[in-house]
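A quick write-up on the structure given underneath.
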Amino acid sequence: MKKLKVAILFGGCSPEYPISLQSAYSVITHIDREKYEPILLGITKSGEWRLFSGSPEKILADTWDNPADCLRAIITPDRSTGGVLVFGSGSGAIDTIRLDAALPVLHGKNGEDGTVQGLLELAGIPVAGCNTLASALCMDKARAHRIAEAAGARVARSFVLKEGAGESNCVTQADSLGFPLFVKPVKAGSSFGITKVMDKAELAAAVKLAFEFDNEVIVEENIPGFEVGCAVLGNEDLVVGHLDEIELAGGFFDYEEKYTLKTSAIHVPARISSSKADEIKTVVKTVYKALGCTGFARVDMFLTPKGEIYFNEVNTIPGFTTHSRYPSMLKAIGMTFGQVVDEVIALAVGP
């Protein structure tokens, strides 16, 4: 059987570059080599594209970008090529690699936000995961909330600030939400730029920090309770993993906690009743489809002490290491990491 050539995109111009390297390493070392020929395309922090042919361990160690292992390469939007242009092979010619699919393992801006997905769609290359529109919408917290609310999900009360917004107006609107509240960049991942604000005195600094990551800032009311995550796999017929639950000792699930779990714990399955879990899954499926998600995504919700379910956000390229939340939730229903990778690609290329 002819192997399918699948580009694995990693790195990227994003604060989440280090996380991408870890996720990509796990995908590359678990992909079925009898079915797929992985084409490894690394993107440096400064945005240079490379065809990488070295050991996956160099990706994990962030030593992959070196002349011995890399050639300059780009995905061209020209559909007659349908893949990668490779430069500098020695002959002076430009070589081409035609792709059967591409799996972006790029977290955050310039990877998870529809930019790379748009390039792949222009090139006619099947994308493993969400398409351009769904990726862009899910990255935008404010617009994702509007669509989720229109589909019937509860969302936190919030308002959006543009750069240059007056401080007094911000304070007035924040007062209407009440403290504590959360200040977040509208378009950023891994909790970068997010602050839990306890009172008015902390508001200005939190807004300033959030603007360092995006040109829009969302200010949200605090939803009491805890966060539950849901791993969704599929296009029309959806496979949903066991929910997970984030137990916090204090504060919120910020970047450090997400990747070190210093004072928090993740429980799979979540410590809730099966009926409440089913109720959450129903809302999750509704939101997933309302936002146009395909392939895979992690949908995060809040569960209040009163049992109310609130939509938080969708991660269209969630952490994808063997110990990350998304594969762990699917592992809990019997899927191995390799099976998850295989299914994600299969959903893109079809039968």
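Letters for chains follow the order of the structure tokens (A, B, ...), residue numbers begin at 1 for each chain, and ligand numbers begin at 1 in the order shown.
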Neighbouring residues of Glu236 in chain A were defined as those with any atom within 9 Å, considering only C-alpha atoms; residues of the same chain fewer than 2 positions away were excluded. Please report them as a PyMOL selection string.
chain A and resi 234+238+289+294
Would you return as number ranges by chain the members of range 4-188 of chain A that DSSP assigns to strand (DSSP E) on this structure's backbone?
A: 4-11, 36-43, 49-52, 70-75, 83-86, 95-98, 101-104, 154-155, 158-162, 181-185
Go ahead and write the residues just picked, N, CA and C atoms, as a CSV table (one decimal), in the first residue's frame.
```
chain,number,residue,atom,x,y,z
A,4,LEU,N,0.8,7.5,2.6
A,4,LEU,CA,0.4,8.9,2.4
A,4,LEU,C,1.4,9.8,3.0
A,5,LYS,N,1.7,10.8,2.2
A,5,LYS,CA,2.7,11.9,2.7
A,5,LYS,C,1.9,12.9,3.5
A,6,VAL,N,2.3,13.0,4.7
A,6,VAL,CA,1.6,13.9,5.6
A,6,VAL,C,2.6,14.9,6.2
A,7,ALA,N,2.4,16.2,6.0
A,7,ALA,CA,3.3,17.2,6.6
A,7,ALA,C,2.9,17.4,8.1
A,8,ILE,N,3.9,17.3,8.9
A,8,ILE,CA,3.7,17.7,10.3
A,8,ILE,C,4.4,19.0,10.5
A,9,LEU,N,3.6,20.0,10.8
A,9,LEU,CA,4.1,21.4,11.0
A,9,LEU,C,4.3,21.7,12.4
A,10,PHE,N,5.5,22.2,12.8
A,10,PHE,CA,5.8,22.4,14.2
A,10,PHE,C,6.6,23.7,14.3
A,11,GLY,N,6.7,24.2,15.6
A,11,GLY,CA,7.5,25.4,15.9
A,11,GLY,C,6.5,26.6,15.8
A,36,TYR,N,1.9,6.1,6.8
A,36,TYR,CA,2.2,7.5,6.5
A,36,TYR,C,3.7,7.7,6.4
A,37,GLU,N,4.0,8.6,5.5
A,37,GLU,CA,5.4,9.1,5.4
A,37,GLU,C,5.4,10.6,5.9
A,38,PRO,N,5.8,10.8,7.2
A,38,PRO,CA,5.8,12.2,7.7
A,38,PRO,C,6.8,13.1,7.0
A,39,ILE,N,6.3,14.2,6.6
A,39,ILE,CA,7.2,15.3,6.0
A,39,ILE,C,7.3,16.3,7.1
A,40,LEU,N,8.4,16.5,7.7
A,40,LEU,CA,8.6,17.4,8.9
A,40,LEU,C,8.9,18.8,8.4
A,41,LEU,N,8.0,19.7,8.7
A,41,LEU,CA,8.2,21.1,8.3
A,41,LEU,C,8.3,21.9,9.6
A,42,GLY,N,9.5,22.4,9.9
A,42,GLY,CA,9.7,23.2,11.1
A,42,GLY,C,9.6,24.7,10.7
A,43,ILE,N,9.0,25.5,11.6
A,43,ILE,CA,9.0,27.0,11.4
A,43,ILE,C,9.7,27.6,12.6
A,49,TRP,N,10.9,28.8,7.2
A,49,TRP,CA,10.4,27.4,7.1
A,49,TRP,C,11.5,26.5,6.7
A,50,ARG,N,11.6,25.3,7.3
A,50,ARG,CA,12.6,24.3,7.0
A,50,ARG,C,12.0,22.9,6.8
A,51,LEU,N,12.6,22.2,5.9
A,51,LEU,CA,12.3,20.7,5.8
A,51,LEU,C,13.3,20.1,6.6
A,52,PHE,N,12.9,19.4,7.7
A,52,PHE,CA,13.8,18.8,8.7
A,52,PHE,C,13.9,17.3,8.4
A,70,CYS,N,18.5,20.5,7.9
A,70,CYS,CA,17.5,21.3,7.3
A,70,CYS,C,17.8,21.8,5.9
A,71,LEU,N,16.7,21.9,5.1
A,71,LEU,CA,16.8,22.7,3.8
A,71,LEU,C,15.6,23.7,3.9
A,72,ARG,N,15.8,24.8,3.2
A,72,ARG,CA,14.8,25.8,3.2
A,72,ARG,C,13.6,25.3,2.4
A,73,ALA,N,12.4,25.4,2.9
A,73,ALA,CA,11.3,24.9,2.2
A,73,ALA,C,10.0,25.7,2.5
A,74,ILE,N,9.1,25.7,1.6
A,74,ILE,CA,7.8,26.4,1.9
A,74,ILE,C,6.7,25.6,1.3
A,75,ILE,N,5.5,25.7,1.9
A,75,ILE,CA,4.3,25.3,1.2
A,75,ILE,C,3.8,26.3,0.3
A,83,GLY,N,1.8,21.1,-2.5
A,83,GLY,CA,2.7,20.7,-1.5
A,83,GLY,C,3.8,21.6,-1.2
A,84,VAL,N,5.0,21.0,-1.1
A,84,VAL,CA,6.2,21.8,-0.6
A,84,VAL,C,7.2,22.0,-1.7
A,85,LEU,N,7.7,23.2,-1.7
A,85,LEU,CA,8.9,23.5,-2.6
A,85,LEU,C,10.1,23.5,-1.7
A,86,VAL,N,11.2,22.8,-2.1
A,86,VAL,CA,12.4,22.6,-1.3
A,86,VAL,C,13.5,23.2,-2.1
A,95,ASP,N,13.1,21.4,-5.7
A,95,ASP,CA,12.4,20.1,-5.7
A,95,ASP,C,11.0,20.3,-5.1
A,96,THR,N,10.1,19.4,-5.4
A,96,THR,CA,8.7,19.5,-4.9
A,96,THR,C,8.4,18.2,-4.2
A,97,ILE,N,7.5,18.3,-3.2
A,97,ILE,CA,7.0,17.1,-2.5
A,97,ILE,C,5.5,17.3,-2.5
A,98,ARG,N,4.7,16.5,-3.1
A,98,ARG,CA,3.3,16.6,-3.1
A,98,ARG,C,2.7,15.9,-1.9
A,101,ALA,N,-1.9,15.2,2.9
A,101,ALA,CA,-2.5,15.9,4.0
A,101,ALA,C,-1.5,16.7,4.8
A,102,ALA,N,-2.0,17.5,5.7
A,102,ALA,CA,-1.1,18.3,6.6
A,102,ALA,C,-1.7,18.3,8.0
A,103,LEU,N,-0.9,18.1,9.0
A,103,LEU,CA,-1.3,18.2,10.4
A,103,LEU,C,-0.5,19.3,11.1
A,104,PRO,N,-1.1,20.5,11.2
A,104,PRO,CA,-0.4,21.5,11.9
A,104,PRO,C,-0.4,21.2,13.4
A,154,ARG,N,-24.6,28.7,27.9
A,154,ARG,CA,-24.4,29.8,28.8
A,154,ARG,C,-23.0,30.3,28.6
A,155,VAL,N,-22.8,31.6,28.7
A,155,VAL,CA,-21.4,32.2,28.6
A,155,VAL,C,-21.3,33.3,29.7
A,158,SER,N,-19.4,39.7,29.7
A,158,SER,CA,-18.1,40.3,29.4
A,158,SER,C,-18.3,41.6,28.6
A,159,PHE,N,-17.1,42.3,28.4
A,159,PHE,CA,-17.1,43.4,27.4
A,159,PHE,C,-15.7,43.4,26.8
A,160,VAL,N,-15.6,44.0,25.6
A,160,VAL,CA,-14.3,44.0,24.9
A,160,VAL,C,-13.8,45.4,24.8
A,161,LEU,N,-12.4,45.5,25.0
A,161,LEU,CA,-11.7,46.8,24.9
A,161,LEU,C,-10.9,46.8,23.7
A,162,LYS,N,-10.9,47.9,23.0
A,162,LYS,CA,-10.0,48.2,21.9
A,162,LYS,C,-8.8,49.0,22.4
A,181,LEU,N,-12.7,39.3,38.6
A,181,LEU,CA,-13.0,39.1,37.2
A,181,LEU,C,-11.7,38.8,36.4
A,182,PHE,N,-11.9,38.4,35.2
A,182,PHE,CA,-10.7,38.0,34.4
A,182,PHE,C,-10.5,39.0,33.2
A,183,VAL,N,-9.2,39.3,33.0
A,183,VAL,CA,-8.8,40.1,31.9
A,183,VAL,C,-8.0,39.3,31.0
A,184,LYS,N,-8.3,39.2,29.7
A,184,LYS,CA,-7.7,38.2,28.8
A,184,LYS,C,-7.4,38.9,27.4
A,185,PRO,N,-6.4,38.5,26.7
A,185,PRO,CA,-6.3,38.9,25.3
A,185,PRO,C,-7.4,38.2,24.6
```
Have a look at CA of Gly129 in chain A and CA of Leu330 in chain A and let me know their distance in Å, one decimal.
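One can read the CA of Gly129 in chain A to CA of Leu330 in chain A distance as 16.0 Å.
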